[in-house]
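Peer 1: Pasting a structure here, questions to come.
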Amino acid sequence: MPIFEYQCDSCKQEFEKLVFAGDEPDITCPECKSRDVTKKMSAASFMGKSMGTCAADAPKGFS
Ligand SMILES: [Zn+2]
């Protein structure tokens, strides 16, 4: 389940949202309820995709 990071363009609040595959619900800022938000790539989904290629973040003995 991907977690996306969003940043509100109005108040600059950053927040995370679980988004199901193929589902892009209306995202609103939890702070000011604005829909003017920008989606960012979450660190969690980055880790999942780069597993095995990003040796710096891998625990010792991972490979
Ligand atoms: Zn906001």
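For the structure tokens, the naming scheme is as follows: chains receive sequential letters (A, B, ...) according to their order of presentation, residues are indexed from 1 within each chain, and ligands are indexed from 1 in presentation order.
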Could you list, as a PyMOL selection string, all protein and nucleic acid residues with an atom at most 7 Å from ligand 1, counting only C-alpha atoms and all ligand atoms?
Peer 2: chain A and resi 8-13+29-34
Peer 1: Excluding segment 16-20 of chain A and residues on its chain fewer than 6 positions from it, collect all residues at most 7 Å away from it, counting only C-alpha atoms, and give them as a compact mmCIF listing (two decimals) with N, CA and C atoms, in the first residue's frame.
Peer 2:
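Dumped to selection_30.txt:
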```txt
# COMPACT_ATOMS: atom_id res chain seq x y z
N MET A 1 0.84 -1.20 0.00
CA MET A 1 0.00 0.00 0.00
C MET A 1 0.88 1.25 0.00
N PRO A 2 0.78 2.02 -1.01
CA PRO A 2 1.67 3.18 -1.10
C PRO A 2 1.25 4.32 -0.18
N ILE A 3 2.22 4.91 0.42
CA ILE A 3 1.97 6.12 1.20
C ILE A 3 2.57 7.29 0.45
N PHE A 4 1.74 8.25 0.15
CA PHE A 4 2.23 9.42 -0.56
C PHE A 4 2.36 10.59 0.39
N GLU A 5 3.37 11.39 0.12
CA GLU A 5 3.53 12.62 0.88
C GLU A 5 2.96 13.77 0.07
N TYR A 6 2.31 14.62 0.77
CA TYR A 6 1.75 15.81 0.14
C TYR A 6 2.21 17.05 0.89
```
